[in-house]
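All remarks here apply to the structure that follows.
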Amino acid sequence: MASKGKVISCRAAVAYGPGQPLVVEQVQVDPPQKMEVRIKSEAQRAYPRILGHEASGVVESVGEGVIDMKEGDQVVAIFNGECGECIYCKSSKKTNLCGKFRVNPFKSVMESDGKCRFRNKDGIPIYHFLNTSTFTEYTVVDSACLVKIDPHASLDNMTLLSCGVSTGLGAAWNTADVQTGETVAVFGLGAVGLAVVEGARTRGASKIIGVDINPEKRIKGEAIGITDFINPKEIDVPVHEKIREMSEGGVDYSFECAGNMQVLREAFLSTHDGWGMAIVLGIHPTPKLLSLHPMELFDGRRIVASVFGDFKGKSQLPFLAEQCMAGVVKVDEFITHRLPFEKINEAFQLLLDGKSLRCLLHLS
């Protein structure tokens, strides 16, 4: 490509402070350095795809040492990388974290030299976000945080594998390892929660209970696979009591996808004593702590968290992409809105208002 080795000027949405709207402006994007890749967020159609910190695109150029991808390859960016060399990556099934490239919201520079690859028009550095920095036409990503996918895959759908769908579906497949006939409760029917539903459906769960205070989520949940729906505002008993009543003492697995501490406690108590497991997927604000007495664990219930659905990104995500392409995993329902890039703040508002699962932004 003609741009190889050169600084590229392109549009990006930049956050200048907490609570402030994103600013769409021109930025400078440096060439990739050692073990880095510069990608263009585009696909086979006329417009690029950018989706939160979720993104897919095409490799524009690669830095020194990158051998597993080349210019023109289709890739998915992942916030929880896999170097393949550290003690974590070599741990087989013990963890999907990586010593260098695990998810870290406080990491704002590249691993190779501790510097940024973005600058604004005044030459001021723009910091990176969650290993991917995707609110831009071009981005530079460590090769450990990119997954090469089938060249015939739809980049619209593959974008969803960057975070939400992989996280929820993987929690059902990998963390819980749901088996045919088992029962599940999902607290919070946003994109991650509905991805859990899809994962449980594909595994043959006999009962999938969706829990949400938004009654409109029932329709979307039933379309994807919930068998029962509970709106906590419409019952006069605690949710966990209602779920125990519906599932002969409690579900085998519950998934907390709301980021709410009280919801997490209800999810924990909704599982069956003796073997039930509650999986934490929601992002929780600090400094609140879980209201759980240690003795409650002696009833045999367990509580664990799942990062990126326990998928090892580079080595395991291609299989999920294949399952999506084959129609085994259905992801079309997750893209509910499409907006031009300049309306990125409207896209965020749709998410905050619970009106959107994922909004696809295009740059044309």
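Residue numbering restarts at 1 for every chain of the structure tokens, chains are lettered A, B, ... in their displayed order, and ligands are numbered from 1 as they appear.
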
Interface rows for range 107-210 of chain A against range 245-263 of chain A: nearest pair, Å to one decimal, 8 Å, only C-alpha atoms, as a Markdown table:
| residue | atom | partner | partner_atom | distance |
| --- | --- | --- | --- | --- |
| A:Ala176 | CA | A:Tyr253 | CA | 7.0 |
| A:Val178 | CA | A:Tyr253 | CA | 7.9 |
| A:Glu182 | CA | A:Asp252 | CA | 6.3 |
| A:Thr183 | CA | A:Val251 | CA | 5.0 |
| A:Val184 | CA | A:Tyr253 | CA | 4.9 |
| A:Ala185 | CA | A:Ser254 | CA | 4.6 |
| A:Val186 | CA | A:Phe255 | CA | 4.8 |
| A:Phe187 | CA | A:Glu256 | CA | 5.0 |
| A:Gly188 | CA | A:Ala258 | CA | 5.1 |
| A:Leu189 | CA | A:Cys257 | CA | 7.5 |
| A:Gly190 | CA | A:Cys257 | CA | 7.7 |
| A:Val192 | CA | A:Cys257 | CA | 6.6 |
| A:Gly193 | CA | A:Cys257 | CA | 5.6 |
| A:Val196 | CA | A:Phe255 | CA | 7.7 |

Quiz item: How would you write, as number ranges by chain, the set of residues in range 295-355 of chain A that DSSP gives as strand (DSSP E)?
Solution: A: 302-305, 335-340

Next, dump the selected residues to file, keeping only C-alpha atoms, as a tab-separated table (two decimals), in the first residue's frame.
chain	number	residue	atom	x	y	z
A	302	ARG	CA	-19.75	-20.86	43.74
A	303	ILE	CA	-19.10	-17.45	42.25
A	304	VAL	CA	-16.52	-16.72	39.55
A	305	ALA	CA	-15.79	-13.99	37.01
A	335	ILE	CA	-26.63	-5.13	15.45
A	336	THR	CA	-29.72	-3.02	16.08
A	337	HIS	CA	-28.64	0.38	14.73
A	338	ARG	CA	-26.38	1.87	12.05
A	339	LEU	CA	-25.23	5.48	12.16
A	340	PRO	CA	-22.61	7.66	10.45

Would you tabulate, counting only C-alpha atoms, all residues of range 145-202 of chain A that have an atom at most 12 Å from an atom of range 86-98 of chain A, showing the closest pair of atoms and their distance in Å to one decimal, sorted by chain then ascending number, as JSON lines?
{"residue": "A:Cys145", "atom": "CA", "partner": "A:Cys98", "partner_atom": "CA", "distance": 10.4}
{"residue": "A:Thr167", "atom": "CA", "partner": "A:Asn96", "partner_atom": "CA", "distance": 11.9}
{"residue": "A:Gly170", "atom": "CA", "partner": "A:Asn96", "partner_atom": "CA", "distance": 11.3}
{"residue": "A:Asn174", "atom": "CA", "partner": "A:Lys93", "partner_atom": "CA", "distance": 9.6}
{"residue": "A:Thr175", "atom": "CA", "partner": "A:Thr95", "partner_atom": "CA", "distance": 10.4}

Output the selection as a PDB file, in the first residue's frame - all heavy atoms for each residue.
ATOM      1  N   CYS A 145      -2.944  -8.605  19.905  1.00  0.00           N
ATOM      2  CA  CYS A 145      -4.337  -8.203  20.108  1.00  0.00           C
ATOM      3  C   CYS A 145      -5.121  -8.161  18.797  1.00  0.00           C
ATOM      4  O   CYS A 145      -6.130  -7.451  18.693  1.00  0.00           O
ATOM      5  CB  CYS A 145      -4.399  -6.847  20.801  1.00  0.00           C
ATOM      6  SG  CYS A 145      -3.679  -6.841  22.450  1.00  0.00           S
ATOM      7  N   THR A 167     -17.639 -12.505  24.886  1.00  0.00           N
ATOM      8  CA  THR A 167     -17.682 -12.518  26.346  1.00  0.00           C
ATOM      9  C   THR A 167     -18.878 -13.310  26.861  1.00  0.00           C
ATOM     10  O   THR A 167     -18.743 -14.188  27.720  1.00  0.00           O
ATOM     11  CB  THR A 167     -17.729 -11.083  26.894  1.00  0.00           C
ATOM     12  OG1 THR A 167     -16.511 -10.415  26.540  1.00  0.00           O
ATOM     13  CG2 THR A 167     -17.886 -11.082  28.410  1.00  0.00           C
ATOM     14  N   GLY A 170     -18.908 -17.064  25.358  1.00  0.00           N
ATOM     15  CA  GLY A 170     -17.817 -17.823  25.966  1.00  0.00           C
ATOM     16  C   GLY A 170     -18.073 -18.148  27.424  1.00  0.00           C
ATOM     17  O   GLY A 170     -17.655 -19.207  27.918  1.00  0.00           O
ATOM     18  N   ASN A 174     -17.418 -21.793  27.885  1.00  0.00           N
ATOM     19  CA  ASN A 174     -16.134 -22.095  28.522  1.00  0.00           C
ATOM     20  C   ASN A 174     -16.176 -22.024  30.044  1.00  0.00           C
ATOM     21  O   ASN A 174     -15.752 -22.958  30.728  1.00  0.00           O
ATOM     22  CB  ASN A 174     -15.055 -21.130  28.008  1.00  0.00           C
ATOM     23  CG  ASN A 174     -14.926 -21.149  26.500  1.00  0.00           C
ATOM     24  OD1 ASN A 174     -15.035 -22.203  25.883  1.00  0.00           O
ATOM     25  ND2 ASN A 174     -14.696 -19.995  25.900  1.00  0.00           N
ATOM     26  N   THR A 175     -16.669 -20.900  30.579  1.00  0.00           N
ATOM     27  CA  THR A 175     -16.658 -20.722  32.029  1.00  0.00           C
ATOM     28  C   THR A 175     -17.624 -21.685  32.709  1.00  0.00           C
ATOM     29  O   THR A 175     -17.250 -22.422  33.624  1.00  0.00           O
ATOM     30  CB  THR A 175     -17.015 -19.275  32.401  1.00  0.00           C
ATOM     31  OG1 THR A 175     -16.267 -18.370  31.587  1.00  0.00           O
ATOM     32  CG2 THR A 175     -16.702 -19.008  33.864  1.00  0.00           C
TER      33      THR A 175
END

Quiz item: Out of A:Met69, A:Ala144, A:Ala55, A:Val27, which residue has the shortest atom-to-atom distance to Lys312 in chain A when counting only C-alpha atoms?
Solution: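 The answer is A:Ala144, which sits nearest to Lys312 in chain A.
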
Quiz item: Do you have the CA of Glu266 in chain A-CA of Phe311 in chain A distance handy?
Solution: 26.3 Å

Practice problem: Rank A:Ser143, A:Thr159, A:Thr132, A:Gln26 by their smallest atom-to-atom distance to Arg11 in chain A, using only C-alpha atoms, and report the top residue only. | Solution: A:Gln26

Exercise. Name the residues of range 48-264 of chain A that fall into helix (DSSP H, G or I) according to DSSP on the backbone, using the chain letters and numbers of this document, as number ranges by chain.
Key: A: 89-91, 143-145, 155-162, 164-175, 191-202, 217-224, 232-234, 239-246, 261-264

Quiz prompt | Nearby residues (only C-alpha atoms) at most 12 Å from Gly65 in chain A, same-chain spacing under 5 positions excluded, as a list in words | solution =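 Listed by chain and then number, they are Pro32, Gln33, Lys34, Met35, Glu36, Val37, Lys70, Ser112, Asp142, Ser143 and Ala144 of chain A.
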
Near-Phe298 in chain A list (12 Å; only C-alpha atoms; drop same-chain fewer than 3 positions) as a JSON list (two decimals) with all heavy atoms, in the first residue's frame:
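result.json written:
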[["chain", "number", "residue", "atom", "x", "y", "z"],
["A", 273, "ASP", "N", -28.36, -24.87, 45.46],
["A", 273, "ASP", "CA", -27.36, -25.19, 46.47],
["A", 273, "ASP", "C", -26.73, -26.54, 46.16],
["A", 273, "ASP", "O", -27.36, -27.41, 45.57],
["A", 273, "ASP", "CB", -27.96, -25.16, 47.88],
["A", 273, "ASP", "CG", -28.98, -26.26, 48.11],
["A", 273, "ASP", "OD1", -29.63, -26.68, 47.13],
["A", 273, "ASP", "OD2", -29.13, -26.71, 49.26],
["A", 274, "GLY", "N", -25.48, -26.69, 46.54],
["A", 274, "GLY", "CA", -24.77, -27.94, 46.29],
["A", 274, "GLY", "C", -23.87, -27.89, 45.07],
["A", 274, "GLY", "O", -22.77, -28.45, 45.07],
["A", 275, "TRP", "N", -24.33, -27.20, 43.99],
["A", 275, "TRP", "CA", -23.52, -27.18, 42.76],
["A", 275, "TRP", "C", -23.67, -25.92, 41.91],
["A", 275, "TRP", "O", -22.97, -25.75, 40.92],
["A", 275, "TRP", "CB", -23.86, -28.39, 41.89],
["A", 275, "TRP", "CG", -25.29, -28.39, 41.39],
["A", 275, "TRP", "CD1", -25.79, -27.68, 40.34],
["A", 275, "TRP", "CD2", -26.38, -29.14, 41.91],
["A", 275, "TRP", "NE1", -27.13, -27.93, 40.17],
["A", 275, "TRP", "CE2", -27.52, -28.84, 41.13],
["A", 275, "TRP", "CE3", -26.52, -30.05, 42.97],
["A", 275, "TRP", "CZ2", -28.77, -29.41, 41.37],
["A", 275, "TRP", "CZ3", -27.77, -30.61, 43.21],
["A", 275, "TRP", "CH2", -28.88, -30.29, 42.42],
["A", 276, "GLY", "N", -24.56, -25.03, 42.28],
["A", 276, "GLY", "CA", -24.81, -23.86, 41.45],
["A", 276, "GLY", "C", -23.59, -22.94, 41.30],
["A", 276, "GLY", "O", -22.77, -22.83, 42.21],
["A", 292, "LEU", "N", -21.61, -10.50, 50.63],
["A", 292, "LEU", "CA", -21.68, -11.96, 50.69],
["A", 292, "LEU", "C", -20.92, -12.44, 51.92],
["A", 292, "LEU", "O", -19.76, -12.10, 52.12],
["A", 292, "LEU", "CB", -21.05, -12.56, 49.43],
["A", 292, "LEU", "CG", -20.97, -14.09, 49.34],
["A", 292, "LEU", "CD1", -22.37, -14.66, 49.19],
["A", 292, "LEU", "CD2", -20.09, -14.50, 48.17],
["A", 293, "HIS", "N", -21.60, -13.21, 52.76],
["A", 293, "HIS", "CA", -20.92, -13.76, 53.94],
["A", 293, "HIS", "C", -20.20, -15.05, 53.54],
["A", 293, "HIS", "O", -20.76, -15.88, 52.82],
["A", 293, "HIS", "CB", -21.93, -14.06, 55.06],
["A", 293, "HIS", "CG", -21.29, -14.29, 56.38],
["A", 293, "HIS", "ND1", -20.63, -15.47, 56.69],
["A", 293, "HIS", "CD2", -21.16, -13.49, 57.47],
["A", 293, "HIS", "CE1", -20.15, -15.39, 57.91],
["A", 293, "HIS", "NE2", -20.46, -14.19, 58.41],
["A", 294, "PRO", "N", -18.95, -15.23, 53.98],
["A", 294, "PRO", "CA", -18.20, -16.43, 53.60],
["A", 294, "PRO", "C", -18.94, -17.73, 53.89],
["A", 294, "PRO", "O", -18.80, -18.71, 53.13],
["A", 294, "PRO", "CB", -16.92, -16.33, 54.43],
["A", 294, "PRO", "CG", -16.73, -14.87, 54.64],
["A", 294, "PRO", "CD", -18.12, -14.30, 54.77],
["A", 295, "MET", "N", -19.74, -17.76, 54.95],
["A", 295, "MET", "CA", -20.44, -19.00, 55.29],
["A", 295, "MET", "C", -21.48, -19.39, 54.23],
["A", 295, "MET", "O", -21.87, -20.55, 54.14],
["A", 295, "MET", "CB", -21.11, -18.86, 56.66],
["A", 295, "MET", "CG", -20.13, -18.69, 57.82],
["A", 295, "MET", "SD", -18.91, -20.04, 57.92],
["A", 295, "MET", "CE", -19.97, -21.41, 58.34],
["A", 301, "ARG", "N", -22.66, -23.31, 46.68],
["A", 301, "ARG", "CA", -22.72, -22.40, 45.55],
["A", 301, "ARG", "C", -21.35, -21.77, 45.33],
["A", 301, "ARG", "O", -20.62, -21.51, 46.28],
["A", 301, "ARG", "CB", -23.76, -21.30, 45.79],
["A", 301, "ARG", "CG", -25.18, -21.81, 45.90],
["A", 301, "ARG", "CD", -26.16, -20.65, 46.02],
["A", 301, "ARG", "NE", -27.54, -21.14, 46.09],
["A", 301, "ARG", "CZ", -28.19, -21.40, 47.22],
["A", 301, "ARG", "NH1", -27.56, -21.21, 48.39],
["A", 301, "ARG", "NH2", -29.43, -21.84, 47.20],
["A", 302, "ARG", "N", -21.02, -21.49, 44.07],
["A", 302, "ARG", "CA", -19.75, -20.86, 43.74],
["A", 302, "ARG", "C", -20.00, -19.57, 42.96],
["A", 302, "ARG", "O", -21.05, -19.40, 42.33],
["A", 302, "ARG", "CB", -18.89, -21.80, 42.90],
["A", 302, "ARG", "CG", -18.39, -23.04, 43.65],
["A", 302, "ARG", "CD", -17.71, -24.01, 42.69],
["A", 302, "ARG", "NE", -18.68, -24.64, 41.81],
["A", 302, "ARG", "CZ", -18.37, -25.25, 40.66],
["A", 302, "ARG", "NH1", -17.10, -25.28, 40.26],
["A", 302, "ARG", "NH2", -19.30, -25.82, 39.92],
["A", 303, "ILE", "N", -19.02, -18.69, 43.00],
["A", 303, "ILE", "CA", -19.10, -17.45, 42.25],
["A", 303, "ILE", "C", -17.74, -17.19, 41.60],
["A", 303, "ILE", "O", -16.70, -17.26, 42.26],
["A", 303, "ILE", "CB", -19.54, -16.27, 43.16],
["A", 303, "ILE", "CG1", -19.68, -14.99, 42.34],
["A", 303, "ILE", "CG2", -18.59, -16.07, 44.33],
["A", 303, "ILE", "CD1", -20.36, -13.87, 43.12]]

Quiz item: Of the candidates A:Pro21, A:Ala77, A:Gly327, A:Met110, which one gets nearest to Glu346 in chain A if we count only C-alpha atoms?
Solution: A:Pro21

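Between Ala172 in chain A and the candidates A:Leu194, A:Val24, A:Leu297, A:Ile235, the tightest atom-to-atom separation, counting only C-alpha atoms, involves A:Leu194.
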
Quiz item: So how many Å separate CA of Gly72 in chain A and CA of Lys121 in chain A, to one decimal?
Solution: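 For CA of Gly72 in chain A relative to CA of Lys121 in chain A, the distance reads 28.3 Å.
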
Self-check item: Proximity to Gln323 in chain A - best of A:Val211, A:Ala267, A:Ile8, A:Met158, only C-alpha atoms
Solution: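 Of A:Val211, A:Ala267, A:Ile8, A:Met158, the one nearest Gln323 in chain A is A:Met158, counting only C-alpha atoms.
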